[in-house]
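*Asks:* Provided herewith: my_file.cif, mmCIF, C-alpha atoms.
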data_my_file
#
loop_
_atom_site.label_atom_id
_atom_site.label_comp_id
_atom_site.auth_asym_id
_atom_site.auth_seq_id
_atom_site.Cartn_x
_atom_site.Cartn_y
_atom_site.Cartn_z
CA LYS A 14 127.08 -11.52 -53.81
CA LYS A 15 130.41 -13.31 -53.44
CA LEU A 16 130.92 -11.90 -49.94
CA LEU A 17 127.42 -12.89 -48.90
CA PHE A 18 127.92 -16.38 -50.33
CA ILE A 19 131.07 -16.83 -48.24
CA LYS A 20 129.33 -15.45 -45.15
CA ARG A 21 126.39 -17.84 -45.50
CA TYR A 22 128.78 -20.75 -45.99
CA ILE A 23 130.79 -19.86 -42.86
CA ASN A 24 127.66 -19.41 -40.76
CA ASN A 25 126.92 -23.09 -41.27
CA PHE A 26 130.10 -24.08 -39.38
CA LYS A 27 129.13 -25.85 -36.17
CA ASN A 28 132.31 -24.98 -34.29
CA LYS A 29 131.84 -21.43 -32.98
CA LYS A 30 135.57 -20.68 -32.59
CA ILE A 31 136.36 -21.72 -36.16
CA ARG A 32 133.29 -19.89 -37.44
CA ASN A 33 134.37 -16.67 -35.74
CA LEU A 34 137.92 -16.98 -37.06
CA PHE A 35 136.69 -17.35 -40.63
CA LEU A 36 134.27 -14.44 -40.23
CA LEU A 37 137.07 -12.28 -38.86
CA ALA A 38 139.13 -13.06 -41.95
CA LEU A 39 136.17 -12.13 -44.13
CA ILE A 40 135.55 -8.70 -42.65
CA SER A 41 139.28 -7.96 -42.80
CA ILE A 42 139.12 -7.94 -46.63
CA LEU A 43 135.96 -5.82 -46.99
CA LYS A 44 137.84 -2.61 -47.74
CA GLU A 45 140.19 -4.28 -50.22
CA VAL A 46 137.38 -5.75 -52.32
CA SER A 47 134.89 -2.87 -52.05
CA ASN A 48 134.51 0.44 -53.86
CA CYS A 49 135.30 2.31 -50.65
CA LYS A 50 138.73 3.86 -50.20
CA ASN A 51 138.04 4.57 -46.53
CA PHE A 52 135.38 3.38 -44.12
CA SER A 53 136.41 5.79 -41.37
CA PRO A 54 135.87 8.34 -40.09
CA TYR A 55 133.55 8.73 -43.09
CA ILE A 56 132.94 6.55 -46.12
CA GLU A 57 135.03 7.70 -49.08
CA MET A 58 134.73 6.09 -52.50
CA LYS A 59 137.65 4.97 -54.65
CA ASP A 60 138.50 7.07 -57.70
CA LYS A 61 138.07 4.10 -60.04
CA PRO A 62 135.12 1.83 -59.22
CA LEU A 63 135.81 -1.90 -59.00
CA LEU A 64 133.66 -3.80 -61.45
CA ASP A 65 134.73 -7.11 -59.93
CA ALA A 66 137.32 -8.56 -57.56
CA GLU A 67 139.01 -11.92 -57.05
CA ILE A 68 137.22 -12.25 -53.72
CA PHE A 69 137.56 -15.99 -53.31
CA GLN A 70 141.33 -15.98 -53.88
CA ILE A 71 141.86 -12.87 -51.73
CA TYR A 72 139.84 -14.49 -48.95
CA LEU A 73 141.69 -17.81 -49.19
CA ASN A 74 145.02 -15.98 -48.98
CA LYS A 75 143.86 -14.07 -45.91
CA ILE A 76 142.55 -17.08 -43.98
CA ALA A 77 145.67 -19.08 -44.88
CA THR A 78 147.86 -16.31 -43.45
CA MET A 79 145.79 -16.17 -40.25
CA ILE A 80 145.89 -19.94 -39.78
CA LYS A 81 149.68 -19.92 -40.26
CA ASP A 82 150.03 -17.14 -37.66
CA ILE A 83 148.00 -19.15 -35.15
CA SER A 84 149.90 -22.36 -35.93
CA ASP A 85 153.22 -20.60 -35.31
CA LEU A 86 152.17 -19.47 -31.83
CA LYS A 87 153.73 -21.40 -28.95
CA ASN A 88 151.75 -19.61 -26.24
CA THR A 89 149.81 -22.05 -24.03
CA THR A 90 148.54 -19.44 -21.55
CA HIS A 91 144.85 -19.74 -20.84
CA SER A 92 142.86 -16.69 -21.93
CA LYS A 93 139.29 -15.55 -21.49
CA VAL A 94 137.59 -12.73 -23.37
CA LEU A 95 134.86 -10.75 -21.62
CA ASN A 96 132.58 -8.32 -23.45
CA ASP A 97 132.35 -5.86 -20.59
CA ASP A 98 132.68 -2.21 -19.58
CA ALA A 99 136.01 -1.15 -18.04
CA ARG A 100 134.17 1.43 -15.94
CA PHE A 101 132.25 -1.31 -14.13
CA LEU A 102 134.41 -4.41 -13.62
CA ASN A 103 131.77 -6.22 -11.58
CA ASP A 104 133.04 -9.68 -12.55
CA PHE A 105 136.57 -8.95 -11.29
CA LYS A 106 137.59 -9.58 -7.69
CA ASP A 107 139.51 -7.10 -5.52
CA LYS A 108 143.32 -7.31 -5.33
CA THR A 109 143.52 -10.34 -7.64
CA TYR A 110 145.43 -9.44 -10.80
CA ASP A 111 149.15 -9.02 -11.50
CA LEU A 112 149.09 -6.68 -14.50
CA ILE A 113 146.82 -4.41 -16.51
CA LEU A 114 147.88 -3.55 -20.06
CA THR A 115 145.35 -1.55 -22.03
CA SER A 116 144.94 1.14 -24.65
CA PRO A 117 141.82 3.28 -24.27
CA PRO A 118 140.25 5.34 -27.06
CA TYR A 119 142.38 8.39 -27.73
CA LEU A 120 140.82 11.83 -27.23
CA ASN A 121 140.85 12.44 -30.98
CA ASN A 122 137.14 12.75 -31.84
CA TRP A 123 136.94 9.40 -33.60
CA ASP A 124 133.53 7.80 -33.30
CA TYR A 125 134.49 4.15 -32.89
CA SER A 126 130.93 2.99 -33.49
CA TRP A 127 130.98 4.64 -36.92
CA ILE A 128 134.48 3.40 -37.71
CA THR A 129 133.28 -0.21 -37.35
CA LYS A 130 129.85 0.42 -38.89
CA ILE A 131 130.49 -1.55 -42.10
CA GLU A 132 131.66 -4.63 -40.20
CA LEU A 133 128.82 -4.39 -37.67
CA PHE A 134 126.20 -4.26 -40.41
CA PHE A 135 127.85 -6.97 -42.49
CA LEU A 136 127.97 -9.40 -39.55
CA ASP A 137 124.36 -8.57 -38.55
CA PHE A 138 125.29 -7.19 -35.12
CA ILE A 139 123.11 -4.18 -35.93
CA LYS A 140 120.28 -3.62 -38.40
CA ASN A 141 120.02 0.18 -38.56
CA ASN A 142 121.57 3.43 -37.34
CA GLN A 143 119.19 3.63 -34.39
CA GLU A 144 120.49 0.31 -33.09
CA LEU A 145 124.03 1.54 -33.63
CA THR A 146 123.38 4.57 -31.44
CA THR A 147 121.30 2.85 -28.76
CA ASN A 148 123.27 -0.38 -28.39
CA LEU A 149 126.79 0.86 -28.97
CA ARG A 150 127.43 4.57 -29.39
CA ASN A 151 125.67 5.64 -26.17
CA ASN A 152 127.72 3.14 -24.16
CA LEU A 153 131.17 4.04 -25.46
CA MET A 154 133.88 5.85 -23.52
CA LYS A 155 133.36 9.54 -24.24
CA SER A 156 136.36 10.20 -26.47
CA SER A 157 134.41 11.92 -29.25
CA THR A 158 131.87 14.70 -29.67
CA TYR A 159 129.73 12.19 -31.59
CA VAL A 160 129.01 10.05 -28.51
CA LEU A 161 127.60 12.75 -26.22
CA GLN A 162 123.90 12.18 -26.94
CA ASN A 163 123.05 10.98 -23.43
CA VAL A 164 125.35 13.36 -21.53
CA SER A 165 123.95 16.14 -19.37
CA LYS A 166 125.24 19.63 -20.14
CA GLU A 167 125.08 20.37 -16.42
CA SER A 168 127.43 17.61 -15.27
CA SER A 169 130.85 18.50 -13.87
CA LEU A 170 134.41 17.19 -13.75
CA ASN A 171 134.29 14.46 -11.09
CA LEU A 172 137.91 14.48 -9.94
CA PRO A 173 139.23 15.06 -6.41
CA LYS A 174 140.41 18.61 -5.74
CA SER A 175 143.91 18.87 -7.17
CA ASN A 176 146.18 20.79 -9.54
CA THR A 177 145.27 18.23 -12.19
CA LYS A 178 141.57 19.00 -11.83
CA THR A 179 142.30 22.74 -12.01
CA GLU A 180 144.34 22.26 -15.20
CA ILE A 181 141.61 20.25 -16.89
CA GLU A 182 138.91 22.73 -15.83
CA ARG A 183 140.98 25.55 -17.32
CA LEU A 184 141.29 23.58 -20.55
CA ILE A 185 137.52 22.99 -20.60
CA LYS A 186 136.86 26.72 -20.19
CA ASN A 187 139.23 27.55 -23.05
CA LEU A 188 137.54 25.01 -25.32
CA ASN A 189 134.09 26.27 -24.35
CA ARG A 190 135.11 29.84 -25.14
CA GLU A 191 136.50 28.75 -28.51
CA ARG A 192 133.36 26.76 -29.35
CA LEU A 193 131.02 29.65 -28.55
CA SER A 194 133.07 31.93 -30.80
CA ARG A 195 132.40 29.61 -33.72
CA SER A 196 129.17 28.45 -35.36
CA ASN A 197 126.28 26.80 -33.55
CA ASN A 198 127.43 23.49 -35.00
CA ALA A 199 130.97 23.76 -33.61
CA LYS A 200 132.23 20.55 -32.03
CA LYS A 201 131.65 20.31 -28.28
CA TYR A 202 135.23 19.50 -27.37
CA ASP A 203 134.77 21.08 -23.95
CA ILE A 204 132.10 18.55 -23.00
CA ALA A 205 134.03 15.67 -24.59
CA VAL A 206 137.15 16.49 -22.52
CA ARG A 207 135.15 16.68 -19.30
CA GLU A 208 133.40 13.37 -19.92
CA TYR A 209 136.57 11.66 -21.18
CA PHE A 210 138.50 12.38 -18.00
CA ASN A 211 135.48 11.45 -15.89
CA ASP A 212 135.56 8.05 -17.61
CA VAL A 213 139.35 7.82 -17.14
CA TYR A 214 138.98 8.42 -13.41
CA GLN A 215 136.25 5.79 -13.12
CA ILE A 216 138.30 3.21 -15.05
CA LEU A 217 141.44 3.86 -13.02
CA CYS A 218 139.47 3.43 -9.79
CA GLU A 219 138.42 -0.01 -11.02
CA ASN A 220 141.97 -0.79 -12.18
CA TYR A 221 143.33 0.06 -8.75
CA ARG A 222 140.68 -2.01 -6.99
CA ILE A 223 141.37 -5.26 -8.84
CA LEU A 224 145.21 -5.11 -8.93
CA LYS A 225 147.45 -6.73 -6.35
CA LYS A 226 149.76 -4.46 -4.38
CA GLY A 227 153.03 -3.90 -6.28
CA SER A 228 151.43 -4.62 -9.66
CA ASN A 229 151.75 -2.44 -12.76
CA CYS A 230 148.99 -0.73 -14.71
CA LEU A 231 150.11 0.29 -18.21
CA TRP A 232 148.06 2.47 -20.54
CA VAL A 233 149.11 3.11 -24.16
CA VAL A 234 147.63 6.43 -25.24
CA GLY A 235 148.32 9.46 -27.42
CA ASP A 236 147.94 13.12 -26.56
CA SER A 237 145.65 15.47 -28.50
CA ALA A 238 145.16 18.95 -29.90
CA LEU A 239 141.62 20.35 -29.89
CA TYR A 240 140.86 23.77 -31.37
CA GLY A 241 144.61 24.44 -31.17
CA ASN A 242 144.76 23.54 -27.46
CA HIS A 243 147.30 20.87 -26.60
CA VAL A 244 145.87 18.16 -24.32
CA ALA A 245 148.64 16.22 -22.55
CA THR A 246 146.37 13.19 -22.26
CA ASP A 247 149.13 10.76 -21.32
CA ARG A 248 150.52 12.91 -18.50
CA LEU A 249 147.05 13.80 -17.21
CA ILE A 250 146.07 10.11 -17.09
CA GLY A 251 149.20 9.45 -15.05
CA GLU A 252 148.34 12.26 -12.63
CA ILE A 253 144.74 11.05 -12.32
CA GLY A 254 146.21 7.64 -11.48
CA GLU A 255 147.99 9.28 -8.56
CA LEU A 256 144.67 10.72 -7.36
CA VAL A 257 143.30 7.17 -7.31
CA GLY A 258 146.26 5.84 -5.30
CA PHE A 259 148.76 4.67 -7.93
CA LYS A 260 152.37 5.81 -8.09
CA PHE A 261 152.89 7.53 -11.45
CA GLU A 262 156.31 6.28 -12.57
CA GLY A 263 156.45 8.26 -15.79
CA LEU A 264 155.90 8.01 -19.53
CA ASP A 265 157.68 5.79 -22.02
CA VAL A 266 157.31 7.69 -25.31
CA LEU A 267 156.82 5.23 -28.16
CA ARG A 268 156.68 7.57 -31.14
CA SER A 269 155.96 11.09 -32.29
CA ARG A 270 152.77 11.76 -34.24
CA ARG A 271 151.94 14.27 -36.92
CA ALA A 272 148.52 15.85 -37.25
CA THR A 273 147.12 17.21 -40.51
CA ARG A 274 145.14 20.15 -39.12
CA HIS A 275 147.71 21.85 -36.89
CA LYS A 276 151.43 22.08 -36.19
CA ILE A 277 151.36 20.91 -32.57
CA ASN A 278 153.79 18.06 -31.92
CA LEU A 279 152.02 15.00 -30.56
CA GLN A 280 153.24 11.72 -29.12
CA GLU A 281 152.12 8.23 -28.21
CA SER A 282 153.26 6.91 -24.83
CA ILE A 283 152.95 4.17 -22.27
CA VAL A 284 151.63 5.59 -19.01
CA ILE A 285 153.35 3.62 -16.24
CA LEU A 286 151.42 3.29 -12.97
CA ARG A 287 152.27 1.10 -10.02
CA LYS A 288 150.02 0.14 -7.12
#
Represent the supplied structure as structure tokens.

*Replies:*
Amino acid sequence: KKLLFIKRYINNFKNKKIRNLFLLALISILKEVSNCKNFSPYIEMKDKPLLDAEIFQIYLNKIATMIKDISDLKNTTHSKVLNDDARFLNDFKDKTYDLILTSPPYLNNWDYSWITKIELFFLDFIKNNQELTTNLRNNLMKSSTYVLQNVSKESSLNLPKSNTKTEIERLIKNLNRERLSRSNNAKKYDIAVREYFNDVYQILCENYRILKKGSNCLWVVGDSALYGNHVATDRLIGEIGELVGFKFEGLDVLRSRRATRHKINLQESIVILRK
């Protein structure tokens, strides 16, 4: 009731920018003041239920911190946020931009529509699970086996003929063989890998089109391990960039990562491409 009271109060703000800032602060405390220990990848309840929480004070502290952060910023660069699809940059002109810095979904089987489900429902962006699937999940980059509902089983890896394509096709065959050896409900990592790199190729084509000559395209991404198969996602993205026309200048490894289900060493890197 306290959260809904604050939400209703904020929704009466006439200034859209201020309203959105205050709503952002509100959803950022949902986990802290709820009985959920985790919202993602699945909802997990706390061991000791909260009978009440100092929601108003927690919220005031959060919004005060956010306002201070904004006040401390000296950046006067103009910015514009577009709610768009990186695979189809129709609003972006050819050879116009100086830099691309992005971080795509990692190939780690996280369903990003589910991860943000609580916030989406709370802010009334969606009303039910069907809307979640139709309006969001089906349109996401295919980084998870949970977002393959509208994918044809007969589609193929749409990369130019290359050693990179051969390597990914071999990986897909290995994952398919492993899946078929398991239960009927085994995760379709083979299809997810195929569709993920199809999306990567499409995005990089658009990246190349809109960048000026000599400009950098930087992707922050982590590699993966699926059914015990290491997927060098960062290197493969760099090599796909070369197929598009970029020069792959290497990887800047940011950190090592530990997985809980296997002993394969993973890393997070910046993929450095130059047009």

*Asks:* The PyMOL selection byres ((chain A and resi 32-41) around 7) on the file shown: which residues, as a list of chain:residue names?

*Replies:*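 Going through the file, the PyMOL selection byres ((chain A and resi 32-41) around 7) ends up selecting A:Ile23, A:Asn24, A:Phe26, A:Asn28, A:Lys29, A:Lys30, A:Ile31, A:Ile42, A:Leu43, A:Tyr72, A:Lys75, A:Ile76, A:Glu132.
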
*Asks:* To one decimal place, how far is atom CA of Asp124 of chain A from atom CA of Gln162 of chain A in Å?

*Replies:*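 Those two atoms sit 12.3 Å apart.
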
*Asks:* With distances taken over all atoms listed in the file, which of A:Phe101, A:Phe69, A:Tyr119, A:Tyr240 is nearest to Val46 of chain A?

*Replies:*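 Closest to Val46 of chain A, using all atoms listed in the file: A:Phe69.
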
*Asks:* Find the residues with any atom within 7 Å of (150.1, -7.2, -16.5); use only C-alpha atoms and the coordinates as given in the file, and write the answer as a PDB file with C-alpha atoms, in the frame of the given file.

*Replies:*
ATOM      1  CA  ASP A 111     149.150  -9.020 -11.500  1.00  0.00           C
ATOM      2  CA  LEU A 112     149.090  -6.680 -14.500  1.00  0.00           C
ATOM      3  CA  ILE A 113     146.820  -4.410 -16.510  1.00  0.00           C
ATOM      4  CA  LEU A 114     147.880  -3.550 -20.060  1.00  0.00           C
ATOM      5  CA  ASN A 229     151.750  -2.440 -12.760  1.00  0.00           C
ATOM      6  CA  CYS A 230     148.990  -0.730 -14.710  1.00  0.00           C
TER       7      CYS A 230
END

*Asks:* Please check which residues have atoms at most 12 Å from (147.0, -1.1, -13.6) in the file's coordinates, counting only C-alpha atoms, and write them as a CSV table (one decimal) with C-alpha atoms, keeping the file's coordinate frame.

*Replies:*
chain,number,residue,atom,x,y,z
A,99,ALA,CA,136.0,-1.2,-18.0
A,108,LYS,CA,143.3,-7.3,-5.3
A,109,THR,CA,143.5,-10.3,-7.6
A,110,TYR,CA,145.4,-9.4,-10.8
A,111,ASP,CA,149.2,-9.0,-11.5
A,112,LEU,CA,149.1,-6.7,-14.5
A,113,ILE,CA,146.8,-4.4,-16.5
A,114,LEU,CA,147.9,-3.6,-20.1
A,115,THR,CA,145.4,-1.6,-22.0
A,116,SER,CA,144.9,1.1,-24.6
A,216,ILE,CA,138.3,3.2,-15.0
A,217,LEU,CA,141.4,3.9,-13.0
A,218,CYS,CA,139.5,3.4,-9.8
A,219,GLU,CA,138.4,0.0,-11.0
A,220,ASN,CA,142.0,-0.8,-12.2
A,221,TYR,CA,143.3,0.1,-8.8
A,222,ARG,CA,140.7,-2.0,-7.0
A,223,ILE,CA,141.4,-5.3,-8.8
A,224,LEU,CA,145.2,-5.1,-8.9
A,225,LYS,CA,147.4,-6.7,-6.4
A,226,LYS,CA,149.8,-4.5,-4.4
A,227,GLY,CA,153.0,-3.9,-6.3
A,228,SER,CA,151.4,-4.6,-9.7
A,229,ASN,CA,151.8,-2.4,-12.8
A,230,CYS,CA,149.0,-0.7,-14.7
A,231,LEU,CA,150.1,0.3,-18.2
A,232,TRP,CA,148.1,2.5,-20.5
A,233,VAL,CA,149.1,3.1,-24.2
A,250,ILE,CA,146.1,10.1,-17.1
A,251,GLY,CA,149.2,9.4,-15.0
A,254,GLY,CA,146.2,7.6,-11.5
A,255,GLU,CA,148.0,9.3,-8.6
A,257,VAL,CA,143.3,7.2,-7.3
A,258,GLY,CA,146.3,5.8,-5.3
A,259,PHE,CA,148.8,4.7,-7.9
A,260,LYS,CA,152.4,5.8,-8.1
A,261,PHE,CA,152.9,7.5,-11.4
A,262,GLU,CA,156.3,6.3,-12.6
A,283,ILE,CA,153.0,4.2,-22.3
A,284,VAL,CA,151.6,5.6,-19.0
A,285,ILE,CA,153.4,3.6,-16.2
A,286,LEU,CA,151.4,3.3,-13.0
A,287,ARG,CA,152.3,1.1,-10.0
A,288,LYS,CA,150.0,0.1,-7.1

*Asks:* Determine, for each residue of segment 20-138 of chain A having at least one atom at most 9 Å from an atom of segment 149-155 of chain A, the closest pair of atoms and their separation in Å to one decimal, counting only C-alpha atoms; order by chain and ascending number, as a Markdown table.

*Replies:*
| residue | atom | partner | partner_atom | distance |
| --- | --- | --- | --- | --- |
| A:Asp98 | CA | A:Asn152 | CA | 8.6 |
| A:Arg100 | CA | A:Met154 | CA | 8.8 |
| A:Pro117 | CA | A:Met154 | CA | 8.4 |
| A:Pro118 | CA | A:Met154 | CA | 7.3 |
| A:Leu120 | CA | A:Lys155 | CA | 8.4 |
| A:Asp124 | CA | A:Arg150 | CA | 7.9 |
| A:Tyr125 | CA | A:Arg150 | CA | 7.9 |
| A:Ser126 | CA | A:Arg150 | CA | 5.6 |
| A:Trp127 | CA | A:Arg150 | CA | 8.3 |

*Asks:* For Ser237 of chain A, which residue out of A:Ser157, A:Asn189, A:Ser175, A:Asn198 is the nearest one, using all atoms listed in the file?

*Replies:*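 The closest residue to Ser237 of chain A is A:Ser157.
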
*Asks:* Could you list, as a PDB file with C-alpha atoms, in the coordinates of the input, every residue within 12 Å of Thr246 of chain A, counting all atoms listed in the file and ignoring same-chain residues fewer than 6 positions away?

*Replies:*
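result.pdb, written as the output of this step:
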ATOM      1  CA  PRO A 117     141.820   3.280 -24.270  1.00  0.00           C
ATOM      2  CA  PRO A 118     140.250   5.340 -27.060  1.00  0.00           C
ATOM      3  CA  TYR A 119     142.380   8.390 -27.730  1.00  0.00           C
ATOM      4  CA  LEU A 120     140.820  11.830 -27.230  1.00  0.00           C
ATOM      5  CA  ASN A 121     140.850  12.440 -30.980  1.00  0.00           C
ATOM      6  CA  SER A 156     136.360  10.200 -26.470  1.00  0.00           C
ATOM      7  CA  THR A 177     145.270  18.230 -12.190  1.00  0.00           C
ATOM      8  CA  GLU A 180     144.340  22.260 -15.200  1.00  0.00           C
ATOM      9  CA  ILE A 181     141.610  20.250 -16.890  1.00  0.00           C
ATOM     10  CA  LEU A 184     141.290  23.580 -20.550  1.00  0.00           C
ATOM     11  CA  VAL A 206     137.150  16.490 -22.520  1.00  0.00           C
ATOM     12  CA  TYR A 209     136.570  11.660 -21.180  1.00  0.00           C
ATOM     13  CA  PHE A 210     138.500  12.380 -18.000  1.00  0.00           C
ATOM     14  CA  VAL A 213     139.350   7.820 -17.140  1.00  0.00           C
ATOM     15  CA  TRP A 232     148.060   2.470 -20.540  1.00  0.00           C
ATOM     16  CA  VAL A 233     149.110   3.110 -24.160  1.00  0.00           C
ATOM     17  CA  VAL A 234     147.630   6.430 -25.240  1.00  0.00           C
ATOM     18  CA  GLY A 235     148.320   9.460 -27.420  1.00  0.00           C
ATOM     19  CA  ASP A 236     147.940  13.120 -26.560  1.00  0.00           C
ATOM     20  CA  SER A 237     145.650  15.470 -28.500  1.00  0.00           C
ATOM     21  CA  ALA A 238     145.160  18.950 -29.900  1.00  0.00           C
ATOM     22  CA  LEU A 239     141.620  20.350 -29.890  1.00  0.00           C
ATOM     23  CA  GLU A 252     148.340  12.260 -12.630  1.00  0.00           C
ATOM     24  CA  ILE A 253     144.740  11.050 -12.320  1.00  0.00           C
ATOM     25  CA  LEU A 264     155.900   8.010 -19.530  1.00  0.00           C
ATOM     26  CA  LEU A 279     152.020  15.000 -30.560  1.00  0.00           C
ATOM     27  CA  GLN A 280     153.240  11.720 -29.120  1.00  0.00           C
ATOM     28  CA  GLU A 281     152.120   8.230 -28.210  1.00  0.00           C
ATOM     29  CA  SER A 282     153.260   6.910 -24.830  1.00  0.00           C
ATOM     30  CA  ILE A 283     152.950   4.170 -22.270  1.00  0.00           C
ATOM     31  CA  VAL A 284     151.630   5.590 -19.010  1.00  0.00           C
TER      32      VAL A 284
END

*Asks:* Extract, using only C-alpha atoms, all DNA, RNA and protein residues at most 6 Å from Lys59 of chain A, discarding same-chain residues fewer than 4 positions from it, and format them as JSON, numbers by chain.

*Replies:* {"A": [48, 49, 50]}

*Asks:* What separation in Å, quoted to one decimal, exists between atom CA of Asn122 of chain A and atom CA of Gly263 of chain A?

*Replies:*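 We find that atom CA of Asn122 of chain A and atom CA of Gly263 of chain A lie 25.5 Å from each other.
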
*Asks:* To verify the selection step, state as a list in words which residues the PyMOL selection byres ((chain A and resi 199) around 12) yields on this input.

*Replies:*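 Written out, the selection comes to Thr158, Tyr159, Leu188, Asn189, Arg190, Glu191, Arg192, Leu193, Ser194, Arg195, Ser196, Asn197, Asn198, Lys200, Lys201, Tyr202, Asp203, Ile204, Leu239 and Tyr240 of chain A.
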
*Asks:* Which residues, named as in the file, does the PyMOL selection byres ((chain A and resi 169) around 10) pick out? Answer as a CSV table (one decimal) with C-alpha atoms, in the frame of the given file.

*Replies:*
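Final output, out-v4.csv:
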chain,number,residue,atom,x,y,z
A,165,SER,CA,124.0,16.1,-19.4
A,166,LYS,CA,125.2,19.6,-20.1
A,167,GLU,CA,125.1,20.4,-16.4
A,168,SER,CA,127.4,17.6,-15.3
A,170,LEU,CA,134.4,17.2,-13.8
A,171,ASN,CA,134.3,14.5,-11.1
A,172,LEU,CA,137.9,14.5,-9.9
A,182,GLU,CA,138.9,22.7,-15.8
A,204,ILE,CA,132.1,18.6,-23.0
A,207,ARG,CA,135.2,16.7,-19.3
A,208,GLU,CA,133.4,13.4,-19.9
A,211,ASN,CA,135.5,11.4,-15.9

*Asks:* Would you fill the gaps in segment 144-158 of chain A so it has N, CA and C atoms, then print it as a PDB file, in the coordinates of the input?

*Replies:*
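New file selection.pdb:
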ATOM      1  N   GLU A 144     119.870   1.357 -33.905  1.00  0.00           N
ATOM      2  CA  GLU A 144     120.490   0.310 -33.090  1.00  0.00           C
ATOM      3  C   GLU A 144     121.950   0.625 -32.816  1.00  0.00           C
ATOM      4  N   LEU A 145     122.625   1.180 -33.807  1.00  0.00           N
ATOM      5  CA  LEU A 145     124.030   1.540 -33.630  1.00  0.00           C
ATOM      6  C   LEU A 145     124.185   2.546 -32.494  1.00  0.00           C
ATOM      7  N   THR A 146     123.309   3.531 -32.477  1.00  0.00           N
ATOM      8  CA  THR A 146     123.380   4.570 -31.440  1.00  0.00           C
ATOM      9  C   THR A 146     122.965   4.020 -30.078  1.00  0.00           C
ATOM     10  N   THR A 147     121.847   3.316 -30.034  1.00  0.00           N
ATOM     11  CA  THR A 147     121.300   2.850 -28.760  1.00  0.00           C
ATOM     12  C   THR A 147     122.157   1.758 -28.135  1.00  0.00           C
ATOM     13  N   ASN A 148     122.571   0.794 -28.928  1.00  0.00           N
ATOM     14  CA  ASN A 148     123.270  -0.380 -28.390  1.00  0.00           C
ATOM     15  C   ASN A 148     124.774  -0.198 -28.245  1.00  0.00           C
ATOM     16  N   LEU A 149     125.333   0.736 -28.988  1.00  0.00           N
ATOM     17  CA  LEU A 149     126.790   0.860 -28.970  1.00  0.00           C
ATOM     18  C   LEU A 149     127.261   2.274 -28.661  1.00  0.00           C
ATOM     19  N   ARG A 150     126.891   3.215 -29.503  1.00  0.00           N
ATOM     20  CA  ARG A 150     127.430   4.570 -29.390  1.00  0.00           C
ATOM     21  C   ARG A 150     127.199   5.188 -28.005  1.00  0.00           C
ATOM     22  N   ASN A 151     125.996   5.034 -27.471  1.00  0.00           N
ATOM     23  CA  ASN A 151     125.670   5.640 -26.170  1.00  0.00           C
ATOM     24  C   ASN A 151     126.433   5.007 -25.011  1.00  0.00           C
ATOM     25  N   ASN A 152     127.023   3.848 -25.235  1.00  0.00           N
ATOM     26  CA  ASN A 152     127.720   3.140 -24.160  1.00  0.00           C
ATOM     27  C   ASN A 152     129.239   3.235 -24.262  1.00  0.00           C
ATOM     28  N   LEU A 153     129.727   3.947 -25.265  1.00  0.00           N
ATOM     29  CA  LEU A 153     131.170   4.040 -25.460  1.00  0.00           C
ATOM     30  C   LEU A 153     131.799   5.029 -24.478  1.00  0.00           C
ATOM     31  N   MET A 154     133.112   4.851 -24.234  1.00  0.00           N
ATOM     32  CA  MET A 154     133.880   5.850 -23.520  1.00  0.00           C
ATOM     33  C   MET A 154     133.794   7.160 -24.297  1.00  0.00           C
ATOM     34  N   LYS A 155     133.660   8.257 -23.598  1.00  0.00           N
ATOM     35  CA  LYS A 155     133.360   9.540 -24.240  1.00  0.00           C
ATOM     36  C   LYS A 155     134.632  10.205 -24.773  1.00  0.00           C
ATOM     37  N   SER A 156     135.143   9.672 -25.866  1.00  0.00           N
ATOM     38  CA  SER A 156     136.360  10.200 -26.470  1.00  0.00           C
ATOM     39  C   SER A 156     136.071  11.042 -27.712  1.00  0.00           C
ATOM     40  N   SER A 157     134.800  11.240 -28.015  1.00  0.00           N
ATOM     41  CA  SER A 157     134.410  11.920 -29.250  1.00  0.00           C
ATOM     42  C   SER A 157     133.173  12.779 -29.010  1.00  0.00           C
ATOM     43  N   THR A 158     133.051  13.849 -29.769  1.00  0.00           N
ATOM     44  CA  THR A 158     131.870  14.700 -29.670  1.00  0.00           C
ATOM     45  C   THR A 158     130.640  14.005 -30.257  1.00  0.00           C
TER      46      THR A 158
END
